[in-house]
Structure formats: C-alpha cells, structure tokens
$ cat model-v2.cif   # mmCIF, C-alpha atoms, pLDDT in the B column; chains and numbers go by the auth columns
data_input
loop_
_atom_site.group_PDB
_atom_site.id
_atom_site.type_symbol
_atom_site.label_atom_id
_atom_site.label_comp_id
_atom_site.label_asym_id
_atom_site.label_seq_id
_atom_site.Cartn_x
_atom_site.Cartn_y
_atom_site.Cartn_z
_atom_site.B_iso_or_equiv
_atom_site.auth_seq_id
_atom_site.auth_asym_id
ATOM 1 C CA MET A 1 170.409 93.785 128.614 67.00 1 A
ATOM 2 C CA ASN A 2 173.185 94.040 126.063 73.00 2 A
ATOM 3 C CA ILE A 3 172.218 95.728 122.808 80.00 3 A
ATOM 4 C CA LYS A 4 175.059 93.931 121.004 76.00 4 A
ATOM 5 C CA TYR A 5 173.477 90.585 121.775 80.00 5 A
ATOM 6 C CA GLN A 6 169.936 91.822 121.187 88.00 6 A
ATOM 7 C CA ASP A 7 170.398 92.504 117.487 85.00 7 A
ATOM 8 C CA ASP A 8 171.684 88.964 116.952 85.00 8 A
ATOM 9 C CA ILE A 9 168.962 87.487 119.190 87.00 9 A
ATOM 10 C CA ASP A 10 166.288 89.346 117.202 88.00 10 A
ATOM 11 C CA LYS A 11 167.684 88.044 113.900 88.00 11 A
ATOM 12 C CA LEU A 12 167.799 84.500 115.310 87.00 12 A
ATOM 13 C CA LEU A 13 164.199 84.596 116.609 89.00 13 A
ATOM 14 C CA LEU A 14 162.891 86.201 113.425 89.00 14 A
ATOM 15 C CA ASN A 15 164.603 83.520 111.268 90.00 15 A
ATOM 16 C CA GLN A 16 166.681 86.135 109.528 93.00 16 A
ATOM 17 C CA MET A 17 169.974 84.260 109.994 91.00 17 A
ATOM 18 C CA SER A 18 171.512 81.878 107.524 93.00 18 A
ATOM 19 C CA THR A 19 172.540 78.410 108.687 92.00 19 A
ATOM 20 C CA MET A 20 176.136 79.553 108.950 92.00 20 A
ATOM 21 C CA GLU A 21 175.173 82.588 111.041 90.00 21 A
ATOM 22 C CA ARG A 22 173.208 80.336 113.411 87.00 22 A
ATOM 23 C CA ILE A 23 176.155 78.067 113.893 89.00 23 A
ATOM 24 C CA TRP A 24 178.384 81.066 114.512 88.00 24 A
ATOM 25 C CA PHE A 25 175.847 82.549 117.011 85.00 25 A
ATOM 26 C CA ASN A 26 175.721 79.282 118.978 85.00 26 A
ATOM 27 C CA LEU A 27 179.507 79.018 119.046 84.00 27 A
ATOM 28 C CA LEU A 28 179.999 82.608 120.202 81.00 28 A
ATOM 29 C CA TYR A 29 177.054 83.114 122.539 81.00 29 A
ATOM 30 C CA GLY A 30 175.361 79.806 123.200 78.00 30 A
ATOM 31 C CA TRP A 31 177.428 79.072 126.299 81.00 31 A
ATOM 32 C CA ARG A 32 176.959 82.529 127.951 82.00 32 A
ATOM 33 C CA SER A 33 174.299 82.677 130.646 85.00 33 A
ATOM 34 C CA GLU A 34 173.549 86.385 130.116 86.00 34 A
ATOM 35 C CA VAL A 35 172.869 85.703 126.402 87.00 35 A
ATOM 36 C CA LYS A 36 170.672 82.732 127.332 87.00 36 A
ATOM 37 C CA GLU A 37 168.749 84.948 129.785 88.00 37 A
ATOM 38 C CA GLN A 38 168.365 87.711 127.214 88.00 38 A
ATOM 39 C CA LEU A 39 167.293 85.143 124.603 88.00 39 A
ATOM 40 C CA SER A 40 164.732 83.689 127.034 91.00 40 A
ATOM 41 C CA PHE A 41 163.492 87.170 127.968 91.00 41 A
ATOM 42 C CA THR A 42 163.211 88.214 124.316 90.00 42 A
ATOM 43 C CA LEU A 43 161.394 84.997 123.497 89.00 43 A
ATOM 44 C CA ASP A 44 158.917 85.679 126.348 91.00 44 A
ATOM 45 C CA VAL A 45 158.408 89.244 125.109 91.00 45 A
ATOM 46 C CA MET A 46 157.920 87.966 121.572 89.00 46 A
ATOM 47 C CA ARG A 47 155.328 85.413 122.762 90.00 47 A
ATOM 48 C CA ALA A 48 153.570 88.120 124.783 91.00 48 A
ATOM 49 C CA ILE A 49 153.460 90.357 121.712 90.00 49 A
ATOM 50 C CA GLN A 50 152.155 87.484 119.581 88.00 50 A
ATOM 51 C CA SER A 51 149.588 86.638 122.263 90.00 51 A
ATOM 52 C CA ARG A 52 148.539 90.271 122.398 90.00 52 A
ATOM 53 C CA GLN A 53 148.285 90.371 118.616 91.00 53 A
ATOM 54 C CA GLN A 54 146.216 87.195 118.628 92.00 54 A
ATOM 55 C CA LYS A 55 143.919 88.741 121.212 91.00 55 A
ATOM 56 C CA LEU A 56 143.608 91.900 119.126 92.00 56 A
ATOM 57 C CA ASP A 57 142.901 89.799 116.026 91.00 57 A
ATOM 58 C CA LEU A 58 140.253 87.814 117.916 91.00 58 A
ATOM 59 C CA MET A 59 138.732 91.027 119.248 93.00 59 A
ATOM 60 C CA ARG A 60 138.607 92.442 115.692 93.00 60 A
ATOM 61 C CA GLU A 61 137.014 89.220 114.433 93.00 61 A
ATOM 62 C CA TRP A 62 134.503 89.299 117.282 93.00 62 A
ATOM 63 C CA ALA A 63 133.735 92.964 116.604 94.00 63 A
ATOM 64 C CA GLU A 64 133.294 92.214 112.893 94.00 64 A
ATOM 65 C CA GLU A 65 130.998 89.275 113.630 94.00 65 A
ATOM 66 C CA ARG A 66 129.042 91.447 116.045 94.00 66 A
ATOM 67 C CA ARG A 67 128.795 94.194 113.414 94.00 67 A
ATOM 68 C CA LYS A 68 127.566 91.648 110.852 93.00 68 A
ATOM 69 C CA LYS A 69 124.997 90.306 113.312 94.00 69 A
ATOM 70 C CA ASP A 70 123.906 93.856 114.147 94.00 70 A
ATOM 71 C CA LEU A 71 123.574 94.636 110.432 93.00 71 A
ATOM 72 C CA GLN A 72 121.612 91.433 109.915 94.00 72 A
ATOM 73 C CA THR A 73 119.381 92.257 112.874 94.00 73 A
ATOM 74 C CA ALA A 74 118.910 95.794 111.569 95.00 74 A
ATOM 75 C CA ALA A 75 118.076 94.432 108.113 93.00 75 A
ATOM 76 C CA GLU A 76 115.570 92.002 109.629 93.00 76 A
ATOM 77 C CA LEU A 77 114.016 94.794 111.687 94.00 77 A
ATOM 78 C CA ALA A 78 113.863 97.007 108.615 94.00 78 A
ATOM 79 C CA SER A 79 112.233 94.181 106.658 94.00 79 A
ATOM 80 C CA ASP A 80 109.709 93.578 109.456 94.00 80 A
ATOM 81 C CA LEU A 81 108.998 97.291 109.636 95.00 81 A
ATOM 82 C CA GLU A 82 108.579 97.467 105.865 95.00 82 A
ATOM 83 C CA GLN A 83 106.145 94.527 106.020 96.00 83 A
ATOM 84 C CA GLN A 84 104.177 96.216 108.796 96.00 84 A
ATOM 85 C CA ILE A 85 104.068 99.459 106.824 96.00 85 A
ATOM 86 C CA GLN A 86 102.912 97.580 103.716 96.00 86 A
ATOM 87 C CA LYS A 87 100.255 95.784 105.760 96.00 87 A
ATOM 88 C CA ILE A 88 98.978 99.121 107.085 97.00 88 A
ATOM 89 C CA HIS A 89 98.964 100.609 103.557 96.00 89 A
ATOM 90 C CA ASN A 90 97.021 97.578 102.322 96.00 90 A
ATOM 91 C CA GLU A 91 94.487 97.903 105.121 96.00 91 A
ATOM 92 C CA ILE A 92 94.092 101.638 104.438 97.00 92 A
ATOM 93 C CA GLU A 93 93.511 100.933 100.725 96.00 93 A
ATOM 94 C CA SER A 94 90.994 98.230 101.601 96.00 94 A
ATOM 95 C CA LEU A 95 89.109 100.528 103.984 97.00 95 A
ATOM 96 C CA GLU A 96 89.127 103.359 101.437 96.00 96 A
ATOM 97 C CA SER A 97 87.700 100.933 98.871 96.00 97 A
ATOM 98 C CA VAL A 98 84.955 99.927 101.324 96.00 98 A
ATOM 99 C CA ILE A 99 84.155 103.603 101.959 97.00 99 A
ATOM 100 C CA ARG A 100 83.904 104.325 98.208 96.00 100 A
ATOM 101 C CA ARG A 101 81.691 101.260 97.608 96.00 101 A
ATOM 102 C CA GLU A 102 79.430 102.072 100.559 96.00 102 A
ATOM 103 C CA GLU A 103 79.198 105.706 99.448 96.00 103 A
ATOM 104 C CA ARG A 104 78.084 104.580 95.949 96.00 104 A
ATOM 105 C CA GLU A 105 75.509 102.229 97.487 96.00 105 A
ATOM 106 C CA TYR A 106 74.284 105.003 99.801 96.00 106 A
ATOM 107 C CA LEU A 107 73.894 107.462 96.921 95.00 107 A
ATOM 108 C CA GLU A 108 72.104 104.865 94.774 95.00 108 A
ATOM 109 C CA ARG A 109 69.696 104.006 97.599 95.00 109 A
ATOM 110 C CA LYS A 110 69.192 107.690 98.392 95.00 110 A
ATOM 111 C CA ASP A 111 68.423 108.455 94.738 94.00 111 A
ATOM 112 C CA SER A 112 66.080 105.478 94.579 95.00 112 A
ATOM 113 C CA LEU A 113 64.255 106.531 97.746 95.00 113 A
ATOM 114 C CA SER A 114 64.129 110.164 96.597 95.00 114 A
ATOM 115 C CA SER A 115 62.590 108.975 93.333 94.00 115 A
ATOM 116 C CA GLN A 116 60.077 106.841 95.259 95.00 116 A
ATOM 117 C CA ILE A 117 59.240 109.831 97.464 96.00 117 A
ATOM 118 C CA ARG A 118 58.627 112.011 94.380 94.00 118 A
ATOM 119 C CA ASP A 119 56.404 109.274 92.931 94.00 119 A
ATOM 120 C CA LEU A 120 54.481 108.990 96.219 95.00 120 A
ATOM 121 C CA GLU A 121 54.120 112.774 96.437 95.00 121 A
ATOM 122 C CA ALA A 122 52.762 112.787 92.878 95.00 122 A
ATOM 123 C CA GLN A 123 50.342 109.980 93.808 95.00 123 A
ATOM 124 C CA ILE A 124 49.260 111.891 96.936 96.00 124 A
ATOM 125 C CA GLU A 125 48.642 114.964 94.800 95.00 125 A
ATOM 126 C CA VAL A 126 46.555 112.913 92.341 96.00 126 A
ATOM 127 C CA ILE A 127 44.604 111.283 95.188 96.00 127 A
ATOM 128 C CA THR A 128 44.171 114.667 96.902 96.00 128 A
ATOM 129 C CA ASN A 129 42.877 116.243 93.674 96.00 129 A
ATOM 130 C CA GLU A 130 40.557 113.285 93.067 96.00 130 A
ATOM 131 C CA PHE A 131 39.321 113.526 96.682 96.00 131 A
ATOM 132 C CA LYS A 132 38.699 117.290 96.345 96.00 132 A
ATOM 133 C CA GLU A 133 36.862 116.826 93.042 96.00 133 A
ATOM 134 C CA GLN A 134 34.772 113.986 94.528 96.00 134 A
ATOM 135 C CA GLN A 135 34.093 116.097 97.620 96.00 135 A
ATOM 136 C CA GLU A 136 33.089 119.082 95.510 96.00 136 A
ATOM 137 C CA ARG A 137 30.722 116.880 93.453 96.00 137 A
ATOM 138 C CA ILE A 138 29.221 115.411 96.616 97.00 138 A
ATOM 139 C CA ILE A 139 28.856 118.845 98.233 96.00 139 A
ATOM 140 C CA GLY A 140 27.380 120.164 94.981 96.00 140 A
ATOM 141 C CA ARG A 141 24.906 117.247 94.872 96.00 141 A
ATOM 142 C CA ILE A 142 24.030 117.769 98.558 96.00 142 A
ATOM 143 C CA GLN A 143 23.303 121.427 97.817 96.00 143 A
ATOM 144 C CA GLU A 144 21.193 120.445 94.836 95.00 144 A
ATOM 145 C CA LEU A 145 19.301 117.940 96.962 95.00 145 A
ATOM 146 C CA LYS A 146 18.762 120.538 99.738 94.00 146 A
ATOM 147 C CA LYS A 147 17.417 122.999 97.175 93.00 147 A
ATOM 148 C CA GLU A 148 15.160 120.296 95.819 92.00 148 A
ATOM 149 C CA LEU A 149 14.058 119.462 99.356 92.00 149 A
ATOM 150 C CA ASN A 150 13.370 123.127 100.084 92.00 150 A
ATOM 151 C CA ARG A 151 11.432 123.474 96.925 90.00 151 A
ATOM 152 C CA ILE A 152 9.396 120.349 97.599 90.00 152 A
ATOM 153 C CA SER A 153 8.898 121.275 101.238 86.00 153 A
ATOM 154 C CA GLY A 154 8.027 124.846 100.377 79.00 154 A
ATOM 155 C CA ASN A 155 5.179 123.788 97.990 69.00 155 A
ATOM 156 C CA LYS A 156 3.173 122.002 100.585 58.00 156 A
#
$ encode --input "model-v2.cif" --output "structure tokens"
Amino acid sequence: MNIKYQDDIDKLLLNQMSTMERIWFNLLYGWRSEVKEQLSFTLDVMRAIQSRQQKLDLMREWAEERRKKDLQTAAELASDLEQQIQKIHNEIESLESVIRREEREYLERKDSLSSQIRDLEAQIEVITNEFKEQQERIIGRIQELKKELNRISGNK
C-alpha cells in the first residue's frame, strides 16, 4: 500500500476532487495496476465500513423500536395495574358502605327490639301485679268464707 496514492484515492472516493483533478488522477494513475488494486481495496474497505455503519444504524433503530415497545408495554401494564387497583378500591368502598348500612339497620332493629322488650317487661309487671292483687282478693275471700263456714258450723 502506497500512502502517496492513498490520499488521492481517498479524495477520489469521497468526491473531494474537482473535475480537473479527476482527469489528472486518471492520467497519472489510472493505468497502474498497483493503484487499481489499492483503489479496489479501499473501495472494498469503504463498502465494509458503510455496511458496518448501516448495521449499526439498523441495530440502533431496532433497539429504539424495542425500547418504545417496552415503554408501551410498561405503560399498558401500569394502566392495567392502575385499573385493578381502582377496582379494588371501589370494591372496598362498596363493602365499607354495606357494612355501615347493615350496622345502622342492626342498631335500629336492636333499639326497636329493646324497646319492645321494655314494653313487654312493663306489661308482665302490670299483669303480675294484677295477678297478685286478684290472688290476694281471692285468698282474702276464701279466708272470709272459711271464717263464715267455721262460724256457721260452730253454731250447730
């Protein structure tokens, strides 16, 4: 590889030569086999570098697309998770509401039954007092009748 030729070859392949310089290059070097070989080699290297760069660009694009898909998937998962969390919160609120309503109903029924029990106890007390008074009157009358019977039986 001749460095003297390489600088000119690089300029030629990179389109950095004017028309006149191209003509001059072809006149001076175009017929030399070693320059043609070096030009061919440089062109192959240049294509390999471009191919490598294209591969790197494609890999970057693929990685970016993958990152975007991963972000989208993560966002979808986060959204699903948020919906599940909201659903659980809603169910908790609903169950708490049911508990509060059932507790109110329980207390109302308990108060109502307690009131009914007090009323029944009061009625039992009234009935018990009436029964005792009636019993005392009957026992008193029986005693009166026994005394009367003793008196009548004792006079005979």
$ atom_distance --input "model-v2.cif" --atom1 "CA of Ala78 (chain A)" --atom2 "CA of Glu61 (chain A)"
25.1 Å
$ atom_distance --input "model-v2.cif" --atom1 "CA of Asp8 (chain A)" --atom2 "CA of Leu39 (chain A)"
9.6 Å
$ atom_distance --input "model-v2.cif" --atom1 "CA of Phe25 (chain A)" --atom2 "CA of Arg52 (chain A)"
28.9 Å
$ closest_atom_pairs --input "model-v2.cif" --of "region 10-68 of chain A" --to "region 72-75 of chain A" --cutoff "10 Å" --atoms "only C-alpha atoms" --output "JSON lines"
{"residue": "A:Arg66", "atom": "CA", "partner": "A:Gln72", "partner_atom": "CA", "distance": 9.6}
{"residue": "A:Arg67", "atom": "CA", "partner": "A:Gln72", "partner_atom": "CA", "distance": 8.5}
{"residue": "A:Lys68", "atom": "CA", "partner": "A:Gln72", "partner_atom": "CA", "distance": 6.0}
$ residues_around --input "model-v2.cif" --residues "Asp10 (chain A)" --least-positions-apart "4" --cutoff "10 Å" --atoms "all atoms listed in the file" --output "ChimeraX atom specification"
/A:5-6,14-17,39,42-43,46
$ axis_aligned_box --input "model-v2.cif" --around "region 143-147 of chain A" --padding-each-side "6 Å" --output "AutoDock Vina command-line options"
--center_x 20.4 --center_y 120.5 --center_z 97.3 --size_x 17.9 --size_y 17.1 --size_z 16.9
$ decode --input "model-v2.cif" --residues "region 28-69 of chain A" --atoms "C-alpha atoms" --output "PDB file, in the first residue's frame"
ATOM      1  CA  LEU A  28      -1.319   9.730 -13.829  1.00  0.00           C
ATOM      2  CA  TYR A  29      -2.540   6.625 -12.025  1.00  0.00           C
ATOM      3  CA  GLY A  30      -5.372   5.049 -13.960  1.00  0.00           C
ATOM      4  CA  TRP A  31      -3.087   2.751 -15.938  1.00  0.00           C
ATOM      5  CA  ARG A  32      -1.063   1.460 -12.914  1.00  0.00           C
ATOM      6  CA  SER A  33      -2.128  -1.928 -11.593  1.00  0.00           C
ATOM      7  CA  GLU A  34      -0.941  -1.240  -8.028  1.00  0.00           C
ATOM      8  CA  VAL A  35      -3.104   1.927  -7.932  1.00  0.00           C
ATOM      9  CA  LYS A  36      -6.057  -0.028  -9.337  1.00  0.00           C
ATOM     10  CA  GLU A  37      -5.543  -2.699  -6.649  1.00  0.00           C
ATOM     11  CA  GLN A  38      -5.269  -0.092  -3.905  1.00  0.00           C
ATOM     12  CA  LEU A  39      -8.352   1.688  -5.279  1.00  0.00           C
ATOM     13  CA  SER A  40     -10.274  -1.611  -5.337  1.00  0.00           C
ATOM     14  CA  PHE A  41      -9.084  -2.483  -1.823  1.00  0.00           C
ATOM     15  CA  THR A  42     -10.007   0.964  -0.492  1.00  0.00           C
ATOM     16  CA  LEU A  43     -13.395   0.744  -2.163  1.00  0.00           C
ATOM     17  CA  ASP A  44     -13.983  -2.667  -0.502  1.00  0.00           C
ATOM     18  CA  VAL A  45     -12.927  -1.252   2.872  1.00  0.00           C
ATOM     19  CA  MET A  46     -15.194   1.742   2.349  1.00  0.00           C
ATOM     20  CA  ARG A  47     -18.145  -0.537   1.486  1.00  0.00           C
ATOM     21  CA  ALA A  48     -17.393  -2.690   4.535  1.00  0.00           C
ATOM     22  CA  ILE A  49     -17.354   0.412   6.730  1.00  0.00           C
ATOM     23  CA  GLN A  50     -20.615   1.630   5.185  1.00  0.00           C
ATOM     24  CA  SER A  51     -22.135  -1.834   5.621  1.00  0.00           C
ATOM     25  CA  ARG A  52     -20.991  -1.877   9.227  1.00  0.00           C
ATOM     26  CA  GLN A  53     -22.434   1.589   9.760  1.00  0.00           C
ATOM     27  CA  GLN A  54     -25.712   0.512   8.189  1.00  0.00           C
ATOM     28  CA  LYS A  55     -25.797  -2.486  10.503  1.00  0.00           C
ATOM     29  CA  LEU A  56     -25.091  -0.262  13.500  1.00  0.00           C
ATOM     30  CA  ASP A  57     -27.812   2.153  12.366  1.00  0.00           C
ATOM     31  CA  LEU A  58     -30.267  -0.732  11.952  1.00  0.00           C
ATOM     32  CA  MET A  59     -29.300  -2.101  15.357  1.00  0.00           C
ATOM     33  CA  ARG A  60     -29.872   1.352  16.909  1.00  0.00           C
ATOM     34  CA  GLU A  61     -33.241   1.616  15.151  1.00  0.00           C
ATOM     35  CA  TRP A  62     -34.173  -1.875  16.323  1.00  0.00           C
ATOM     36  CA  ALA A  63     -33.073  -1.060  19.873  1.00  0.00           C
ATOM     37  CA  GLU A  64     -35.086   2.176  19.784  1.00  0.00           C
ATOM     38  CA  GLU A  65     -38.166   0.373  18.475  1.00  0.00           C
ATOM     39  CA  ARG A  66     -37.713  -2.278  21.147  1.00  0.00           C
ATOM     40  CA  ARG A  67     -37.362   0.427  23.808  1.00  0.00           C
ATOM     41  CA  LYS A  68     -40.538   2.113  22.533  1.00  0.00           C
ATOM     42  CA  LYS A  69     -42.398  -1.203  22.571  1.00  0.00           C
TER      43      LYS A  69
END
